[in-house]
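I have placed the structure first, in the form of structure tokens, so that the comments after it can refer back to it.
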Amino acid sequence: MSSATTLQITRGDAESGAKVEQYEVPYYDGMSLLDAIFWLREHVDPSLSVRYSCRSANACKECAAVVNGKAGYLCSIRAVPGGSARIEPLPALPWVKDIVTKME
């Protein structure tokens with residue numbers, strides 16, 4: 001892991017408001033943005049909220065977010081060594097916390 005990728009992630013909730021926090025994550029080949037977020041949760045800030053089911057319930061389509069202005073799935077968008085990604089919650093759904101929205 002000689003290079004890193006930068007994540008700029010929306011943090012907060014409707015009560016406290018939104019702020020953007022920037023993180024450097026060690027990059028490895030094939031890393032998705034969801035993998036990078038898992039690394040952050042394990043090594044930097046376990047309070048970072050993200051919705052996913054692929055690892056716990058073998059389900060899919062819950063890690064949707066806006067990445068660099070375009071909606072997509074965090075598990076299928078690759079991190080870029082030396083690059084950056086701006087990650088925000090989906091705007092059309094009620095915001096819960098950080099990049100988590102209500103899926104109903």
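The way I read the labels, and the way they are meant: chains A, B, ... in the order of the structure tokens, residue 1 as the first residue of every chain, and ligand 1 as the first ligand shown, with later ones counted on from there.
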List every residue of segment 60-90 of chain A that has an atom at most 7 Å from any atom of segment 14-37 of chain A, giving for each one its closest atom pair and the distance in Å to one decimal, counting only C-alpha atoms, sorted by chain and then by ascending residue number, as CSV.
residue,atom,partner,partner_atom,distance
A:Leu74,CA,A:Leu34,CA,4.9
A:Cys75,CA,A:Leu34,CA,5.0
A:Ser76,CA,A:Ser32,CA,6.2
A:Ile77,CA,A:Ser32,CA,5.5
A:Arg78,CA,A:Ser32,CA,4.2
A:Ala79,CA,A:Ser32,CA,5.2
A:Pro81,CA,A:Tyr27,CA,5.9
Write out as an mmCIF file with N, CA, C and O atoms, in the first residue's frame all residues of segment 21-86 of chain A that backbone DSSP assigns to strand (DSSP E).
data_model
loop_
_atom_site.group_PDB
_atom_site.id
_atom_site.type_symbol
_atom_site.label_atom_id
_atom_site.label_comp_id
_atom_site.auth_asym_id
_atom_site.auth_seq_id
_atom_site.Cartn_x
_atom_site.Cartn_y
_atom_site.Cartn_z
ATOM 1 N N GLU A 21 -15.753 16.112 5.533
ATOM 2 C CA GLU A 21 -14.484 15.757 6.143
ATOM 3 C C GLU A 21 -13.637 15.014 5.119
ATOM 4 O O GLU A 21 -14.161 14.230 4.327
ATOM 5 N N GLN A 22 -12.356 15.267 5.149
ATOM 6 C CA GLN A 22 -11.437 14.654 4.191
ATOM 7 C C GLN A 22 -10.575 13.613 4.887
ATOM 8 O O GLN A 22 -10.087 13.837 5.994
ATOM 9 N N TYR A 23 -10.403 12.471 4.218
ATOM 10 C CA TYR A 23 -9.625 11.365 4.758
ATOM 11 C C TYR A 23 -8.670 10.834 3.699
ATOM 12 O O TYR A 23 -9.022 10.767 2.525
ATOM 13 N N GLU A 24 -7.483 10.416 4.137
ATOM 14 C CA GLU A 24 -6.527 9.715 3.280
ATOM 15 C C GLU A 24 -6.615 8.234 3.636
ATOM 16 O O GLU A 24 -6.527 7.868 4.808
ATOM 17 N N VAL A 25 -6.779 7.394 2.627
ATOM 18 C CA VAL A 25 -6.904 5.956 2.835
ATOM 19 C C VAL A 25 -5.819 5.251 2.033
ATOM 20 O O VAL A 25 -5.651 5.540 0.838
ATOM 21 N N PRO A 26 -5.078 4.329 2.645
ATOM 22 C CA PRO A 26 -4.086 3.563 1.880
ATOM 23 C C PRO A 26 -4.777 2.790 0.754
ATOM 24 O O PRO A 26 -5.768 2.106 0.979
ATOM 25 N N ALA A 64 -25.804 2.775 -2.166
ATOM 26 C CA ALA A 64 -25.940 3.867 -3.127
ATOM 27 C C ALA A 64 -25.599 5.204 -2.473
ATOM 28 O O ALA A 64 -25.964 5.469 -1.325
ATOM 29 N N ALA A 65 -24.881 6.021 -3.218
ATOM 30 C CA ALA A 65 -24.505 7.365 -2.775
ATOM 31 C C ALA A 65 -24.191 8.191 -4.016
ATOM 32 O O ALA A 65 -24.168 7.677 -5.136
ATOM 33 N N VAL A 66 -23.958 9.470 -3.816
ATOM 34 C CA VAL A 66 -23.530 10.337 -4.907
ATOM 35 C C VAL A 66 -22.007 10.448 -4.829
ATOM 36 O O VAL A 66 -21.455 10.825 -3.795
ATOM 37 N N VAL A 67 -21.337 10.075 -5.915
ATOM 38 C CA VAL A 67 -19.879 10.121 -5.982
ATOM 39 C C VAL A 67 -19.480 11.071 -7.100
ATOM 40 O O VAL A 67 -19.853 10.866 -8.256
ATOM 41 N N LYS A 70 -22.420 12.121 -9.231
ATOM 42 C CA LYS A 70 -23.203 11.127 -9.963
ATOM 43 C C LYS A 70 -23.585 9.975 -9.031
ATOM 44 O O LYS A 70 -22.731 9.451 -8.313
ATOM 45 N N ALA A 71 -24.853 9.568 -9.056
ATOM 46 C CA ALA A 71 -25.304 8.462 -8.212
ATOM 47 C C ALA A 71 -24.687 7.148 -8.681
ATOM 48 O O ALA A 71 -24.525 6.908 -9.878
ATOM 49 N N GLY A 72 -24.329 6.316 -7.712
ATOM 50 C CA GLY A 72 -23.764 5.012 -8.032
ATOM 51 C C GLY A 72 -23.659 4.168 -6.784
ATOM 52 O O GLY A 72 -24.028 4.593 -5.684
ATOM 53 N N TYR A 73 -23.142 2.961 -6.950
ATOM 54 C CA TYR A 73 -22.966 2.037 -5.833
ATOM 55 C C TYR A 73 -21.508 2.061 -5.387
ATOM 56 O O TYR A 73 -20.601 1.862 -6.194
ATOM 57 N N SER A 84 -9.096 11.350 -5.851
ATOM 58 C CA SER A 84 -10.018 11.685 -4.774
ATOM 59 C C SER A 84 -11.447 11.423 -5.222
ATOM 60 O O SER A 84 -11.742 11.373 -6.416
ATOM 61 N N ALA A 85 -12.315 11.257 -4.237
ATOM 62 C CA ALA A 85 -13.739 11.047 -4.500
ATOM 63 C C ALA A 85 -14.537 11.844 -3.475
ATOM 64 O O ALA A 85 -14.247 11.800 -2.283
ATOM 65 N N ARG A 86 -15.511 12.574 -3.951
ATOM 66 C CA ARG A 86 -16.442 13.318 -3.090
ATOM 67 C C ARG A 86 -17.679 12.455 -2.940
ATOM 68 O O ARG A 86 -18.333 12.117 -3.930
#
**OP:** Using only C-alpha atoms, determine which residues lie at most 12 Å from Lys102 of chain A, disregarding the query and same-chain residues fewer than 3 positions distant; provide the list as a list in words.
**Re:**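 Once the nearby chain positions are removed, what remains is Val50, Arg51, Glu62, Cys63, Ala64, Ala65, Pro89, Leu90, Pro91, Ala92, Leu93, Pro94, Trp95, Val96, Lys97, Asp98 and Ile99 of chain A.
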Requested write-out: all heavy atoms of the selected residues, as a compact mmCIF listing (two decimals), in the first residue's frame:
# COMPACT_ATOMS: atom_id res chain seq x y z
N VAL A 50 -22.57 4.26 7.00
CA VAL A 50 -22.78 3.90 5.61
C VAL A 50 -23.72 2.70 5.59
O VAL A 50 -23.65 1.83 6.44
CB VAL A 50 -21.44 3.57 4.90
CG1 VAL A 50 -20.72 2.41 5.56
CG2 VAL A 50 -21.65 3.31 3.42
N ARG A 51 -24.61 2.67 4.62
CA ARG A 51 -25.54 1.54 4.50
C ARG A 51 -24.97 0.54 3.49
O ARG A 51 -24.54 0.90 2.41
CB ARG A 51 -26.91 2.03 4.02
CG ARG A 51 -27.95 0.92 3.96
CD ARG A 51 -29.27 1.41 3.38
NE ARG A 51 -29.82 2.56 4.07
CZ ARG A 51 -30.50 2.53 5.22
NH1 ARG A 51 -30.71 1.39 5.82
NH2 ARG A 51 -30.98 3.64 5.75
N GLU A 62 -27.66 -1.48 -1.55
CA GLU A 62 -27.89 -0.60 -0.41
C GLU A 62 -26.81 0.45 -0.23
O GLU A 62 -26.97 1.36 0.55
CB GLU A 62 -28.07 -1.41 0.87
CG GLU A 62 -29.37 -2.17 0.87
CD GLU A 62 -29.81 -2.58 2.25
OE1 GLU A 62 -29.16 -2.20 3.24
OE2 GLU A 62 -30.82 -3.27 2.34
N CYS A 63 -25.68 0.32 -0.93
CA CYS A 63 -24.57 1.25 -0.73
C CYS A 63 -24.61 2.40 -1.74
O CYS A 63 -23.58 2.96 -2.08
CB CYS A 63 -23.24 0.51 -0.80
SG CYS A 63 -22.86 -0.22 -2.40
N ALA A 64 -25.80 2.77 -2.17
CA ALA A 64 -25.94 3.87 -3.13
C ALA A 64 -25.60 5.20 -2.47
O ALA A 64 -25.96 5.47 -1.33
CB ALA A 64 -27.36 3.90 -3.68
N ALA A 65 -24.88 6.02 -3.22
CA ALA A 65 -24.50 7.36 -2.77
C ALA A 65 -24.19 8.19 -4.02
O ALA A 65 -24.17 7.68 -5.14
CB ALA A 65 -23.30 7.31 -1.85
N PRO A 89 -24.68 11.79 0.46
CA PRO A 89 -25.90 10.98 0.48
C PRO A 89 -26.76 11.28 -0.74
O PRO A 89 -26.64 12.34 -1.36
CB PRO A 89 -26.60 11.42 1.77
CG PRO A 89 -26.08 12.78 2.05
CD PRO A 89 -24.68 12.82 1.50
N LEU A 90 -27.62 10.34 -1.08
CA LEU A 90 -28.55 10.55 -2.19
C LEU A 90 -29.50 11.70 -1.85
O LEU A 90 -30.10 11.70 -0.78
CB LEU A 90 -29.36 9.28 -2.47
CG LEU A 90 -28.56 8.09 -2.98
CD1 LEU A 90 -29.44 6.83 -2.96
CD2 LEU A 90 -28.03 8.35 -4.37
N PRO A 91 -29.68 12.67 -2.74
CA PRO A 91 -30.48 13.85 -2.40
C PRO A 91 -31.99 13.63 -2.43
O PRO A 91 -32.72 14.37 -1.79
CB PRO A 91 -30.07 14.86 -3.47
CG PRO A 91 -29.65 14.03 -4.63
CD PRO A 91 -29.03 12.79 -4.04
N ALA A 92 -32.47 12.63 -3.13
CA ALA A 92 -33.92 12.44 -3.28
C ALA A 92 -34.55 11.66 -2.13
O ALA A 92 -35.76 11.54 -2.06
CB ALA A 92 -34.22 11.73 -4.60
N LEU A 93 -33.73 11.15 -1.21
CA LEU A 93 -34.23 10.35 -0.09
C LEU A 93 -33.98 11.08 1.22
O LEU A 93 -33.04 11.87 1.33
CB LEU A 93 -33.54 8.99 -0.07
CG LEU A 93 -33.76 8.12 -1.31
CD1 LEU A 93 -32.88 6.87 -1.25
CD2 LEU A 93 -35.22 7.73 -1.43
N PRO A 94 -34.80 10.80 2.25
CA PRO A 94 -34.58 11.44 3.56
C PRO A 94 -33.20 11.08 4.12
O PRO A 94 -32.81 9.92 4.15
CB PRO A 94 -35.70 10.88 4.43
CG PRO A 94 -36.74 10.40 3.47
CD PRO A 94 -36.01 9.96 2.24
N TRP A 95 -32.48 12.10 4.56
CA TRP A 95 -31.14 11.94 5.09
C TRP A 95 -31.20 11.46 6.53
O TRP A 95 -31.92 12.03 7.35
CB TRP A 95 -30.42 13.27 4.99
CG TRP A 95 -28.98 13.27 5.38
CD1 TRP A 95 -28.08 12.26 5.20
CD2 TRP A 95 -28.27 14.34 5.99
NE1 TRP A 95 -26.83 12.66 5.66
CE2 TRP A 95 -26.93 13.93 6.14
CE3 TRP A 95 -28.63 15.62 6.40
CZ2 TRP A 95 -25.96 14.74 6.70
CZ3 TRP A 95 -27.66 16.43 6.95
CH2 TRP A 95 -26.34 16.00 7.10
N VAL A 96 -30.45 10.42 6.87
CA VAL A 96 -30.41 9.89 8.23
C VAL A 96 -29.15 10.39 8.94
O VAL A 96 -29.22 11.11 9.92
CB VAL A 96 -30.44 8.34 8.23
CG1 VAL A 96 -30.31 7.79 9.65
CG2 VAL A 96 -31.72 7.84 7.58
N LYS A 97 -27.96 9.99 8.42
CA LYS A 97 -26.69 10.39 9.03
C LYS A 97 -25.58 10.09 8.04
O LYS A 97 -25.60 9.05 7.38
CB LYS A 97 -26.45 9.62 10.33
CG LYS A 97 -25.17 10.00 11.03
CD LYS A 97 -24.95 9.18 12.28
CE LYS A 97 -23.60 9.57 12.88
NZ LYS A 97 -23.15 8.60 13.84
N ASP A 98 -24.60 10.98 7.97
CA ASP A 98 -23.44 10.82 7.09
C ASP A 98 -23.93 10.51 5.67
O ASP A 98 -24.66 11.32 5.11
CB ASP A 98 -22.48 9.77 7.64
CG ASP A 98 -21.91 10.14 9.01
OD1 ASP A 98 -21.95 11.34 9.35
OD2 ASP A 98 -21.45 9.25 9.73
N ILE A 99 -23.58 9.37 5.11
CA ILE A 99 -24.03 9.06 3.75
C ILE A 99 -25.18 8.05 3.72
O ILE A 99 -25.47 7.44 2.71
CB ILE A 99 -22.86 8.58 2.86
CG1 ILE A 99 -22.07 7.46 3.50
CG2 ILE A 99 -21.96 9.76 2.51
CD1 ILE A 99 -20.96 6.91 2.63
Subject >> Atomic distance atom CA of Lys61 of chain A - atom CA of Leu7 of chain A, expressed in Å with one decimal >> reply: 20.8 Å
**OP:** Go through A:Asn68, A:Val80, A:Ser53, A:Phe38 one by one, measure the shortest atom-to-atom distance of each to Ser3 of chain A using only C-alpha atoms, and give the residue with the smallest value.
**Re:**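 Of the candidates, the smallest distance to Ser3 of chain A is held by A:Val80.
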Original post:
Could you work out how far atom CA of Thr6 of chain A lies from atom CA of Leu40 of chain A, giving the answer in Å with one decimal?
Top reply: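 A separation of 11.1 Å between them.
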**OP:** Would you please give, as a ChimeraX atom specification, all residues of segment 1-80 of chain A that DSSP assigns to helix (DSSP H, G or I) based on the backbone?
**Re:** /A:33-43
Just write the chosen residues, C-alpha atoms, as a JSON list (two decimals), in the first residue's frame.
[["chain", "number", "residue", "atom", "x", "y", "z"],
["A", 33, "LEU", "CA", -14.96, 3.12, -2.40],
["A", 34, "LEU", "CA", -16.91, 0.87, -0.03],
["A", 35, "ASP", "CA", -13.65, -0.94, 0.82],
["A", 36, "ALA", "CA", -12.05, 2.45, 1.52],
["A", 37, "ILE", "CA", -14.93, 3.38, 3.83],
["A", 38, "PHE", "CA", -14.60, 0.05, 5.65],
["A", 39, "TRP", "CA", -10.90, 0.85, 6.17],
["A", 40, "LEU", "CA", -11.85, 4.25, 7.64],
["A", 41, "ARG", "CA", -14.38, 2.65, 9.98],
["A", 42, "GLU", "CA", -11.83, 0.07, 11.16],
["A", 43, "HIS", "CA", -8.80, 2.36, 11.53]]
